[in-house]
>>> print(open('upload-v4.cif').read())   # mmCIF, C-alpha atoms and all ligand atoms
data_query
#
loop_
_atom_site.label_atom_id
_atom_site.label_comp_id
_atom_site.auth_asym_id
_atom_site.auth_seq_id
_atom_site.Cartn_x
_atom_site.Cartn_y
_atom_site.Cartn_z
CA MET A 1 21.16 -47.53 -28.08
CA ILE A 2 21.94 -46.31 -24.61
CA ASN A 3 24.44 -47.84 -22.19
CA TYR A 4 21.93 -48.58 -19.45
CA PHE A 5 20.80 -51.77 -21.24
CA ASN A 6 24.24 -53.01 -22.37
CA GLN A 7 24.80 -55.33 -19.43
CA GLN A 8 21.28 -56.77 -19.59
CA ILE A 9 21.52 -57.39 -23.33
CA LYS A 10 24.94 -58.97 -22.92
CA SER A 11 23.69 -61.46 -20.33
CA ILE A 12 20.53 -62.23 -22.32
CA TYR A 13 22.65 -63.19 -25.33
CA GLU A 14 25.16 -65.08 -23.21
CA SER A 15 22.42 -67.25 -21.75
CA ARG A 16 20.86 -67.75 -25.20
CA ARG A 17 24.18 -69.05 -26.53
CA ALA A 18 24.77 -71.22 -23.47
CA LEU A 19 21.31 -72.76 -23.87
CA ALA A 20 21.86 -73.45 -27.57
CA LYS A 21 25.23 -75.03 -26.84
CA GLU A 22 23.87 -77.19 -24.05
CA THR A 23 20.91 -78.37 -26.13
CA SER A 24 23.15 -79.14 -29.06
CA GLN A 25 25.61 -81.12 -26.92
CA SER A 26 22.92 -83.41 -25.56
CA GLN A 27 21.34 -83.75 -29.02
CA ASN A 28 24.72 -84.61 -30.57
CA LYS A 29 25.41 -87.19 -27.91
CA ALA A 30 22.12 -88.93 -28.66
CA LEU A 31 22.76 -88.66 -32.39
CA LEU A 32 26.24 -90.18 -32.16
CA ALA A 33 24.92 -93.12 -30.12
CA LEU A 34 22.70 -93.97 -33.10
CA HIS A 35 25.60 -93.63 -35.58
CA PRO A 36 28.65 -95.49 -34.20
CA LYS A 37 30.33 -95.34 -37.62
CA PHE A 38 30.12 -91.56 -37.58
CA ASP A 39 31.49 -91.50 -34.06
CA ASP A 40 34.48 -93.58 -35.27
CA LEU A 41 35.10 -91.15 -38.10
CA LEU A 42 35.13 -88.20 -35.66
CA LYS A 43 37.58 -90.05 -33.41
CA ALA A 44 39.81 -90.84 -36.39
CA LYS A 45 39.76 -87.17 -37.36
CA LYS A 46 40.82 -86.10 -33.90
CA GLN A 47 43.60 -88.69 -33.78
CA THR A 48 44.95 -87.73 -37.21
CA GLU A 49 44.96 -84.05 -36.26
CA LEU A 50 46.96 -84.94 -33.14
CA ASP A 51 49.39 -87.06 -35.18
CA ILE A 52 49.96 -84.16 -37.57
CA VAL A 53 50.85 -81.84 -34.70
CA LYS A 54 53.19 -84.42 -33.18
CA SER A 55 54.94 -85.23 -36.48
CA LYS A 56 55.35 -81.54 -37.26
CA SER A 57 57.01 -80.91 -33.92
CA LYS A 58 59.50 -83.68 -34.75
CA GLY A 59 60.18 -82.14 -38.14
CA LEU A 60 58.72 -85.14 -40.03
CA ASP A 61 56.93 -85.10 -43.36
CA VAL A 62 53.16 -84.86 -42.73
CA SER A 63 51.84 -85.00 -46.31
CA ALA A 64 50.57 -88.59 -45.97
CA LEU A 65 48.76 -87.72 -42.73
CA GLN A 66 47.33 -84.60 -44.34
CA ASN A 67 45.98 -86.72 -47.20
CA SER A 68 44.28 -89.12 -44.84
CA LEU A 69 42.81 -86.20 -42.86
CA GLU A 70 41.31 -84.85 -46.06
CA LYS A 71 39.86 -88.28 -46.84
CA ILE A 72 38.37 -88.56 -43.33
CA ASN A 73 36.85 -85.08 -43.62
CA GLY A 74 35.28 -86.08 -46.93
CA ASP A 75 33.87 -89.24 -45.37
CA ILE A 76 32.44 -87.24 -42.45
CA LYS A 77 30.75 -84.79 -44.79
CA ARG A 78 29.33 -87.57 -46.98
CA TYR A 79 28.08 -89.60 -44.03
CA ALA A 80 26.39 -86.52 -42.49
CA GLN A 81 24.70 -85.69 -45.80
CA GLU A 82 23.57 -89.26 -46.52
CA ASN A 83 22.13 -89.66 -43.03
CA ASN A 84 20.83 -86.11 -42.79
CA LEU A 85 22.80 -85.33 -39.62
CA GLN A 86 22.63 -81.73 -38.34
CA PHE A 87 25.15 -80.45 -35.85
CA THR A 88 24.37 -76.75 -35.71
CA PRO A 89 23.26 -75.61 -32.26
CA PRO A 90 19.55 -74.66 -32.16
CA TYR A 91 20.04 -70.88 -32.01
CA LEU A 92 17.01 -68.68 -31.37
CA CYS A 93 18.33 -66.46 -34.13
CA PRO A 94 20.25 -68.49 -36.73
CA THR A 95 21.09 -65.26 -38.61
CA CYS A 96 23.48 -63.96 -35.94
CA LYS A 97 23.94 -67.29 -34.09
CA ASP A 98 22.64 -65.52 -30.96
CA SER A 99 25.56 -63.10 -30.93
CA GLY A 100 23.28 -60.11 -31.57
CA TYR A 101 25.60 -58.77 -34.27
CA ILE A 102 26.31 -59.37 -37.95
CA ASP A 103 29.61 -57.89 -39.19
CA GLY A 104 29.66 -55.57 -36.19
CA LYS A 105 26.16 -54.23 -36.89
CA PRO A 106 23.19 -54.98 -34.60
CA CYS A 107 21.08 -57.91 -35.81
CA GLU A 108 17.33 -57.44 -36.16
CA CYS A 109 16.82 -59.66 -33.09
CA LEU A 110 18.96 -57.26 -31.03
CA THR A 111 16.86 -54.27 -32.08
CA GLU A 112 13.73 -56.19 -31.09
CA GLN A 113 15.28 -57.10 -27.75
CA TYR A 114 16.23 -53.47 -27.11
CA ASP A 115 12.75 -52.22 -28.00
CA ALA A 116 11.24 -54.75 -25.60
CA LEU A 117 13.60 -53.64 -22.82
CA ILE A 118 12.84 -49.93 -23.18
CA LYS A 119 9.12 -50.72 -23.10
CA GLU A 120 9.52 -52.87 -19.99
CA ASN A 121 11.48 -50.08 -18.29
CA ALA A 122 9.28 -47.15 -19.28
CA SER A 123 7.23 -47.34 -16.03
CA LEU A 124 4.01 -47.21 -18.03
CA THR A 125 2.46 -50.52 -17.05
CA SER A 126 0.29 -49.16 -14.25
CA LEU A 127 -1.05 -46.32 -16.39
CA PRO A 128 -3.83 -46.27 -18.98
CA GLN A 129 -2.69 -46.89 -22.55
CA PHE A 130 -2.94 -43.71 -24.54
CA ALA A 131 -1.75 -42.98 -28.09
CA PHE A 132 -1.87 -40.03 -30.48
CA GLU A 133 -4.72 -41.80 -32.30
CA ASP A 134 -6.79 -41.59 -29.11
CA ASN A 135 -6.74 -37.79 -29.13
CA GLU A 136 -10.29 -36.47 -29.54
CA PHE A 137 -9.65 -32.75 -29.04
CA ALA A 138 -10.17 -32.10 -32.77
CA SER A 139 -13.88 -32.88 -32.41
CA MET A 140 -14.36 -31.17 -29.04
CA THR A 141 -15.58 -27.65 -28.30
CA ILE A 142 -14.29 -27.22 -24.74
CA PRO A 143 -12.02 -24.16 -24.15
CA GLN A 144 -8.67 -26.01 -24.23
CA ALA A 145 -9.55 -28.18 -27.26
CA LYS A 146 -7.93 -26.04 -29.98
CA GLY A 147 -4.73 -25.42 -28.06
CA MET A 148 -4.39 -29.02 -26.93
CA ASN A 149 -5.06 -30.30 -30.43
CA LYS A 150 -2.27 -28.09 -31.74
CA LEU A 151 0.07 -29.40 -29.05
CA TYR A 152 -0.79 -32.97 -30.02
CA SER A 153 0.13 -32.23 -33.59
CA ILE A 154 3.45 -30.60 -32.59
CA MET A 155 4.41 -33.44 -30.25
CA LYS A 156 3.52 -36.04 -32.84
CA ASN A 157 5.03 -34.50 -35.95
CA LYS A 158 7.88 -32.31 -34.77
CA VAL A 159 9.00 -34.30 -31.78
CA CYS A 160 8.15 -38.01 -32.10
CA ASN A 161 8.22 -38.39 -35.88
CA ASP A 162 11.41 -36.34 -36.21
CA PHE A 163 13.11 -37.07 -32.91
CA ALA A 164 16.68 -36.98 -34.22
CA ASN A 165 16.22 -33.46 -35.63
CA CYS A 166 13.96 -32.04 -32.94
CA LYS A 167 15.39 -28.68 -31.84
CA TRP A 168 13.79 -28.63 -28.40
CA ASN A 169 15.40 -30.26 -25.41
CA ASN A 170 12.97 -29.23 -22.70
CA PHE A 171 9.20 -29.29 -22.68
CA MET A 172 6.79 -27.89 -20.15
CA LEU A 173 3.05 -28.36 -19.99
CA SER A 174 1.53 -26.35 -17.19
CA GLY A 175 -2.16 -26.22 -16.63
CA ALA A 176 -5.11 -26.89 -14.40
CA SER A 177 -5.98 -30.37 -13.21
CA GLY A 178 -7.67 -32.60 -15.80
CA VAL A 179 -7.11 -30.47 -18.92
CA GLY A 180 -5.36 -33.38 -20.66
CA LYS A 181 -1.65 -33.00 -19.85
CA THR A 182 -1.00 -36.57 -18.76
CA CYS A 183 -2.69 -38.10 -21.80
CA LEU A 184 -0.47 -36.03 -24.09
CA ALA A 185 2.61 -37.09 -22.12
CA LEU A 186 1.55 -40.76 -22.32
CA ALA A 187 0.90 -40.53 -26.06
CA THR A 188 4.36 -39.00 -26.50
CA ALA A 189 6.02 -41.75 -24.46
CA ASN A 190 4.20 -44.53 -26.34
CA ALA A 191 4.98 -43.07 -29.77
CA LEU A 192 8.67 -42.76 -28.90
CA LEU A 193 8.85 -46.29 -27.48
CA ASP A 194 7.33 -47.61 -30.71
CA LYS A 195 10.18 -45.95 -32.58
CA GLY A 196 12.81 -47.51 -30.36
CA VAL A 197 13.51 -44.28 -28.44
CA SER A 198 14.10 -44.80 -24.71
CA ALA A 199 11.33 -42.84 -22.99
CA LEU A 200 10.88 -42.99 -19.23
CA TYR A 201 7.72 -41.82 -17.53
CA LEU A 202 7.84 -40.91 -13.83
CA SER A 203 5.65 -39.03 -11.43
CA ALA A 204 7.63 -36.38 -9.55
CA PHE A 205 6.99 -38.48 -6.46
CA GLU A 206 8.70 -41.51 -8.04
CA PHE A 207 11.53 -39.29 -9.26
CA VAL A 208 12.23 -38.12 -5.71
CA ASN A 209 11.98 -41.65 -4.31
CA ILE A 210 14.57 -42.92 -6.79
CA PHE A 211 17.07 -40.31 -5.68
CA LEU A 212 16.17 -40.67 -2.03
CA ASP A 213 17.11 -44.36 -2.24
CA LYS A 214 20.26 -43.51 -4.15
CA HIS A 215 21.18 -40.78 -1.68
CA THR A 216 20.82 -43.12 1.28
CA HIS A 217 22.76 -45.86 -0.61
CA LYS A 218 19.86 -48.27 -0.63
CA GLN A 219 20.42 -51.03 -3.17
CA THR A 220 16.80 -51.13 -4.30
CA GLU A 221 15.28 -51.59 -7.76
CA LEU A 222 14.36 -47.91 -7.51
CA SER A 223 17.88 -46.71 -6.82
CA LYS A 224 19.15 -48.68 -9.83
CA LYS A 225 16.83 -46.58 -11.97
CA ALA A 226 18.81 -43.42 -11.17
CA GLU A 227 21.24 -44.14 -13.98
CA TYR A 228 18.39 -44.59 -16.44
CA VAL A 229 16.80 -41.31 -15.32
CA SER A 230 19.95 -39.52 -16.43
CA GLU A 231 20.53 -41.53 -19.56
CA CYS A 232 17.16 -42.13 -21.23
CA GLU A 233 16.50 -40.09 -24.35
CA MET A 234 13.16 -38.68 -23.15
CA LEU A 235 12.39 -38.25 -19.47
CA ILE A 236 8.81 -37.34 -18.63
CA ILE A 237 8.07 -36.10 -15.12
CA ASP A 238 4.37 -35.83 -14.38
CA ASN A 239 2.66 -34.15 -11.43
CA PHE A 240 5.69 -31.95 -11.10
CA GLY A 241 5.46 -29.78 -8.00
CA GLU A 242 3.52 -32.34 -5.97
CA GLU A 243 6.64 -34.14 -4.73
CA PRO A 244 7.93 -33.57 -1.20
CA ILE A 245 10.99 -31.35 -0.91
CA TYR A 246 13.60 -33.26 1.06
CA LYS A 247 16.63 -31.31 2.16
CA ASN A 248 19.75 -32.19 0.14
CA VAL A 249 17.77 -34.50 -2.13
CA THR A 250 14.84 -33.14 -4.14
CA LEU A 251 16.29 -29.94 -5.56
CA GLU A 252 19.92 -31.09 -5.69
CA TYR A 253 19.16 -34.25 -7.70
CA LEU A 254 16.57 -32.50 -9.81
CA PHE A 255 18.97 -29.73 -10.83
CA SER A 256 21.96 -32.01 -11.38
CA THR A 257 19.88 -34.48 -13.39
CA LEU A 258 18.55 -31.70 -15.55
CA ASP A 259 21.99 -30.17 -16.12
CA LYS A 260 23.46 -33.56 -17.00
CA ARG A 261 20.63 -34.27 -19.41
CA MET A 262 20.90 -30.89 -21.11
CA ALA A 263 24.68 -31.26 -21.48
CA ASN A 264 24.14 -34.64 -23.15
CA ASN A 265 21.36 -33.42 -25.42
CA LYS A 266 18.67 -35.52 -23.73
CA LYS A 267 15.07 -34.36 -23.66
CA THR A 268 13.02 -33.67 -20.53
CA PHE A 269 9.27 -33.14 -20.44
CA ILE A 270 7.54 -31.76 -17.37
CA CYS A 271 3.80 -31.67 -16.64
CA THR A 272 2.72 -29.45 -13.79
CA GLN A 273 -0.29 -27.83 -12.22
CA LEU A 274 1.87 -25.01 -10.93
CA GLY A 275 1.95 -21.65 -12.67
CA ALA A 276 5.09 -19.61 -13.34
CA GLY A 277 5.01 -17.80 -10.00
CA ALA A 278 4.67 -20.96 -7.94
CA LEU A 279 7.38 -22.70 -10.01
CA ILE A 280 9.81 -19.82 -9.42
CA SER A 281 9.21 -19.73 -5.70
CA ARG A 282 9.62 -23.50 -5.42
CA TYR A 283 12.50 -24.14 -7.86
CA GLY A 284 13.96 -20.72 -8.64
CA GLU A 285 14.05 -18.54 -11.70
CA ALA A 286 17.04 -20.29 -13.30
CA PHE A 287 15.15 -23.55 -13.31
CA LEU A 288 12.07 -22.08 -14.93
CA SER A 289 14.07 -20.32 -17.62
CA LYS A 290 15.45 -23.69 -18.74
CA PHE A 291 11.92 -24.68 -19.67
CA THR A 292 10.81 -21.38 -21.14
CA ASP A 293 13.84 -20.34 -23.20
CA LYS A 294 12.51 -20.50 -26.75
CA LYS A 295 15.92 -21.48 -28.15
CA TYR A 296 15.72 -25.01 -26.79
CA SER A 297 12.41 -25.26 -24.96
CA LEU A 298 8.80 -25.74 -25.90
CA SER A 299 6.33 -24.37 -23.42
CA VAL A 300 2.92 -22.82 -23.64
CA GLY A 301 0.98 -20.53 -21.35
CA TYR A 302 -0.95 -21.98 -18.44
CA ILE A 303 -3.67 -24.23 -19.87
CA THR A 304 -7.14 -23.79 -18.43
CA GLY A 305 -10.44 -25.25 -19.49
CA GLU A 306 -12.75 -28.09 -18.72
CA ASN A 307 -11.68 -30.83 -16.33
CA LEU A 308 -11.94 -34.02 -18.40
CA ARG A 309 -11.59 -36.23 -15.36
CA LYS A 310 -14.67 -34.94 -13.55
CA SER A 311 -17.64 -37.21 -13.95
ZN ZN B 401 20.00 -62.17 -34.52
#
>>> encode(input="upload-v4.cif", output="structure tokens")
Amino acid sequence: MINYFNQQIKSIYESRRALAKETSQSQNKALLALHPKFDDLLKAKKQTELDIVKSKSKGLDVSALQNSLEKINGDIKRYAQENNLQFTPPYLCPTCKDSGYIDGKPCECLTEQYDALIKENASLTSLPQFAFEDNEFASMTIPQAKGMNKLYSIMKNKVCNDFANCKWNNFMLSGASGVGKTCLALATANALLDKGVSALYLSAFEFVNIFLDKHTHKQTELSKKAEYVSECEMLIIDNFGEEPIYKNVTLEYLFSTLDKRMANNKKTFICTQLGAGALISRYGEAFLSKFTDKKYSLSVGYITGENLRKS
């Protein structure tokens, strides 16, 4: 799990516990009104406990009081059983009592909550749903079909299905408009999210806007995303090269984000219509080499073929 969601998860569980406690208090109050005898027993218990503390502080013998406390506790238990009284707060998850943890390990409900949060924050809602199963290149005869189909298989099997052991940190898909880059990026994001891996999908335009807001100290929803851009396990930047270059923002934040991500072993996936020459003149040779160095990068030659978007 990544830190970005810690605070959110903490407050979700805090409010769950507060709600359970509040509900249980009002339920107990109603319950006790129906069982005055039980209420008396609880009061007697409290009083005896107080008496024990007082007597102890005076150095007196408390064995008689202790005996009556035991008797009262027995009576309370019996009365509750006979009258089927339940006093456990109505937790959403009784397993972990809405703490999110069992013996220090995340409860199943916490994992579910985390998976829901990474999906909510993946920025995919406005885009078409696309999964590896939707890939139809295997049955197509257009020029890019074979190469794209191979890429689908690599991204599915070597990256998504084996994310923890995947040797590549950087990925670059460069190719003409409409050859199928975005669909592959979306399928990758969706497969990772289903496995509980924090994947964030941004257009280069959104990427720049996030850092523009951060740079100008705007407290917007966008600027809050800056932390997640650095921290998520897979960052996908689509339409790379189409973003405006703002002085002191675009390149500076792009390079520092990338360096930070590489240093922390986070993966970055870029889709672009620009070829190597245009990428070098826009971002420099050092930048391009980070996405083409075979040791830690997966990139293929410029993809050309049929435009799937043309009608
Ligand atoms: Zn739980």
>>> residues_near_point(input="upload-v4.cif", point="(42.7, -91.3, -42.7)", cutoff="7 Å", atoms="all atoms listed in the file", output="number ranges by chain")
A: 44, 48, 68-69, 71-72
>>> residues_near_ligand(input="upload-v4.cif", ligand="ligand ZN 401 (chain B)", cutoff="12 Å", atoms="only C-alpha atoms and all ligand atoms", output="list of chain:residue names")
A:Tyr13, A:Arg16, A:Arg17, A:Tyr91, A:Leu92, A:Cys93, A:Pro94, A:Thr95, A:Cys96, A:Lys97, A:Asp98, A:Ser99, A:Gly100, A:Tyr101, A:Ile102, A:Asp103, A:Gly104, A:Lys105, A:Pro106, A:Cys107, A:Glu108, A:Cys109, A:Leu110, A:Thr111, A:Glu112, A:Gln113
>>> closest_residue(input="upload-v4.cif", among="A:Val179, A:Ile12, A:Leu127, A:Ala204", to="Glu242 (chain A)", atoms="only C-alpha atoms")
A:Ala204
>>> residues_around(input="upload-v4.cif", residues="Ala191 (chain A)", least_positions_apart="5", cutoff="9 Å", atoms="all atoms listed in the file", output="list of chain:residue names")
A:Ala131, A:Phe132, A:Lys156, A:Cys160, A:Asn161, A:Leu186, A:Val197
>>> closest_residue(input="upload-v4.cif", among="A:Tyr283, A:Phe240, A:Phe269, A:Phe171", to="Val300 (chain A)", atoms="all atoms listed in the file")
A:Phe171
>>> atom_distance(input="upload-v4.cif", atom1="CA of Ile154 (chain A)", atom2="CA of Lys266 (chain A)")
18.3 Å
>>> atom_distance(input="upload-v4.cif", atom1="CA of Asp259 (chain A)", atom2="CA of Gly196 (chain A)")
24.2 Å
>>> closest_residue(input="upload-v4.cif", among="A:Ile236, A:Ala263, A:Leu34, A:Leu279", to="Ala187 (chain A)", atoms="all atoms listed in the file")
A:Ile236
>>> residues_around(input="upload-v4.cif", residues="Thr220 (chain A)", least_positions_apart="5", cutoff="12 Å", atoms="all atoms listed in the file", output="list in words")
Asn209, Ile210, Phe211, Leu212, Asp213, Lys214, His215, Lys225 and Ala226 of chain A
>>> write_last_selection(input="upload-v4.cif", atoms="C-alpha atoms", output="short mmCIF file (atom, residue, chain, number, x, y, z; two decimals), in the coordinates of the input")
data_model
loop_
_atom_site.label_atom_id
_atom_site.label_comp_id
_atom_site.auth_asym_id
_atom_site.auth_seq_id
_atom_site.Cartn_x
_atom_site.Cartn_y
_atom_site.Cartn_z
CA ASN A 209 11.98 -41.65 -4.31
CA ILE A 210 14.57 -42.92 -6.79
CA PHE A 211 17.07 -40.31 -5.68
CA LEU A 212 16.17 -40.67 -2.03
CA ASP A 213 17.11 -44.36 -2.24
CA LYS A 214 20.26 -43.51 -4.15
CA HIS A 215 21.18 -40.78 -1.68
CA LYS A 225 16.83 -46.58 -11.97
CA ALA A 226 18.81 -43.42 -11.17
#
>>> closest_residue(input="upload-v4.cif", among="A:Tyr296, A:Tyr302, A:Tyr4, A:Phe287", to="Gln273 (chain A)", atoms="all atoms listed in the file")
A:Tyr302
>>> closest_residue(input="upload-v4.cif", among="A:Lys46, A:Asn170, A:Gly178, A:Pro143", to="Asp293 (chain A)", atoms="all atoms listed in the file")
A:Asn170
>>> atom_distance(input="upload-v4.cif", atom1="CA of Lys195 (chain A)", atom2="CA of Lys158 (chain A)")
14.0 Å
>>> closest_residue(input="upload-v4.cif", among="A:Tyr152, A:Phe205, A:Tyr114, A:Tyr79", to="Asp39 (chain A)", atoms="all atoms listed in the file")
A:Tyr79
>>> residues_around(input="upload-v4.cif", residues="Lys260 (chain A)", least_positions_apart="5", cutoff="12 Å", atoms="all atoms listed in the file", output="PDB file with C-alpha atoms, in the coordinates of the input")
ATOM      1  CA  GLU A 227      21.240 -44.140 -13.980  1.00  0.00           C
ATOM      2  CA  VAL A 229      16.800 -41.310 -15.320  1.00  0.00           C
ATOM      3  CA  SER A 230      19.950 -39.520 -16.430  1.00  0.00           C
ATOM      4  CA  GLU A 231      20.530 -41.530 -19.560  1.00  0.00           C
ATOM      5  CA  CYS A 232      17.160 -42.130 -21.230  1.00  0.00           C
ATOM      6  CA  TYR A 253      19.160 -34.250  -7.700  1.00  0.00           C
ATOM      7  CA  LEU A 254      16.570 -32.500  -9.810  1.00  0.00           C
ATOM      8  CA  PHE A 255      18.970 -29.730 -10.830  1.00  0.00           C
ATOM      9  CA  ASN A 265      21.360 -33.420 -25.420  1.00  0.00           C
ATOM     10  CA  LYS A 266      18.670 -35.520 -23.730  1.00  0.00           C
ATOM     11  CA  LYS A 267      15.070 -34.360 -23.660  1.00  0.00           C
ATOM     12  CA  THR A 268      13.020 -33.670 -20.530  1.00  0.00           C
TER      13      THR A 268
END
>>> residues_around(input="upload-v4.cif", residues="Leu192 (chain A)", least_positions_apart="6", cutoff="9 Å", atoms="only C-alpha atoms", output="PyMOL selection string")
chain A and resi 159-161+163+198-199+234
>>> residues_near_point(input="upload-v4.cif", point="(4.6, -33.0, -15.5)", cutoff="9 Å", atoms="only C-alpha atoms", output="list in words")
Met172, Leu173, Ser174, Lys181, Thr182, Ala185, Leu202, Ser203, Ala204, Ile236, Ile237, Asp238, Asn239, Phe240, Gly241, Phe269, Ile270, Cys271, Thr272 and Gln273 of chain A
>>> axis_aligned_box(input="upload-v4.cif", around="region 255-269 of chain A", padding_each_side="5 Å", output="lines of an AutoDock Vina configuration file")
center_x = 17.0
center_y = -32.6
center_z = -18.1
size_x = 25.4
size_y = 15.8
size_z = 24.6
>>> decode(input="upload-v4.cif", residues="region 213-220 of chain A", atoms="all heavy atoms", output="tab-separated table (two decimals), in the first residue's frame")
chain	number	residue	atom	x	y	z
A	213	ASP	N	-0.67	23.99	-11.13
A	213	ASP	CA	-1.40	24.37	-9.91
A	213	ASP	C	-0.50	24.27	-8.69
A	213	ASP	O	-0.54	25.11	-7.79
A	213	ASP	CB	-2.64	23.48	-9.71
A	213	ASP	CG	-3.83	24.00	-10.51
A	213	ASP	OD1	-3.60	24.89	-11.35
A	213	ASP	OD2	-4.95	23.53	-10.29
A	214	LYS	N	0.31	23.24	-8.65
A	214	LYS	CA	1.22	23.06	-7.51
A	214	LYS	C	2.25	24.19	-7.49
A	214	LYS	O	2.53	24.79	-6.46
A	214	LYS	CB	1.91	21.69	-7.62
A	214	LYS	CG	2.79	21.36	-6.43
A	214	LYS	CD	3.49	20.02	-6.65
A	214	LYS	CE	4.77	19.92	-5.87
A	214	LYS	NZ	4.57	19.78	-4.43
A	215	HIS	N	2.78	24.49	-8.67
A	215	HIS	CA	3.82	25.51	-8.80
A	215	HIS	C	3.32	26.88	-8.37
A	215	HIS	O	4.05	27.66	-7.77
A	215	HIS	CB	4.28	25.55	-10.27
A	215	HIS	CG	5.47	26.43	-10.50
A	215	HIS	ND1	6.73	26.08	-10.10
A	215	HIS	CD2	5.57	27.65	-11.10
A	215	HIS	CE1	7.57	27.05	-10.43
A	215	HIS	NE2	6.90	28.01	-11.04
A	216	THR	N	2.06	27.15	-8.67
A	216	THR	CA	1.50	28.46	-8.31
A	216	THR	C	0.78	28.41	-6.96
A	216	THR	O	0.02	29.31	-6.62
A	216	THR	CB	0.54	28.95	-9.41
A	216	THR	OG1	-0.39	27.90	-9.70
A	216	THR	CG2	1.26	29.31	-10.68
A	217	HIS	N	1.03	27.33	-6.21
A	217	HIS	CA	0.49	27.14	-4.84
A	217	HIS	C	-1.02	27.21	-4.78
A	217	HIS	O	-1.59	27.69	-3.81
A	217	HIS	CB	1.10	28.18	-3.87
A	217	HIS	CG	2.58	28.15	-3.88
A	217	HIS	ND1	3.30	27.14	-3.30
A	217	HIS	CD2	3.48	29.00	-4.42
A	217	HIS	CE1	4.58	27.36	-3.49
A	217	HIS	NE2	4.74	28.48	-4.16
A	218	LYS	N	-1.68	26.75	-5.82
A	218	LYS	CA	-3.14	26.69	-5.78
A	218	LYS	C	-3.54	25.44	-5.01
A	218	LYS	O	-3.01	24.37	-5.24
A	218	LYS	CB	-3.70	26.60	-7.21
A	218	LYS	CG	-3.84	27.93	-7.89
A	218	LYS	CD	-4.67	27.76	-9.15
A	218	LYS	CE	-4.48	28.95	-10.07
A	218	LYS	NZ	-4.72	28.61	-11.46
A	219	GLN	N	-4.48	25.62	-4.06
A	219	GLN	CA	-4.91	24.46	-3.28
A	219	GLN	C	-6.10	23.79	-3.96
A	219	GLN	O	-7.19	23.73	-3.43
A	219	GLN	CB	-5.29	24.89	-1.86
A	219	GLN	CG	-4.14	25.43	-1.05
A	219	GLN	CD	-3.08	24.37	-0.76
A	219	GLN	OE1	-3.42	23.24	-0.47
A	219	GLN	NE2	-1.82	24.72	-0.88
A	220	THR	N	-5.88	23.28	-5.17
A	220	THR	CA	-6.99	22.66	-5.90
A	220	THR	C	-6.91	21.15	-5.78
A	220	THR	O	-5.91	20.60	-5.33
A	220	THR	CB	-6.89	23.02	-7.39
A	220	THR	OG1	-5.60	22.60	-7.86
A	220	THR	CG2	-7.03	24.51	-7.62
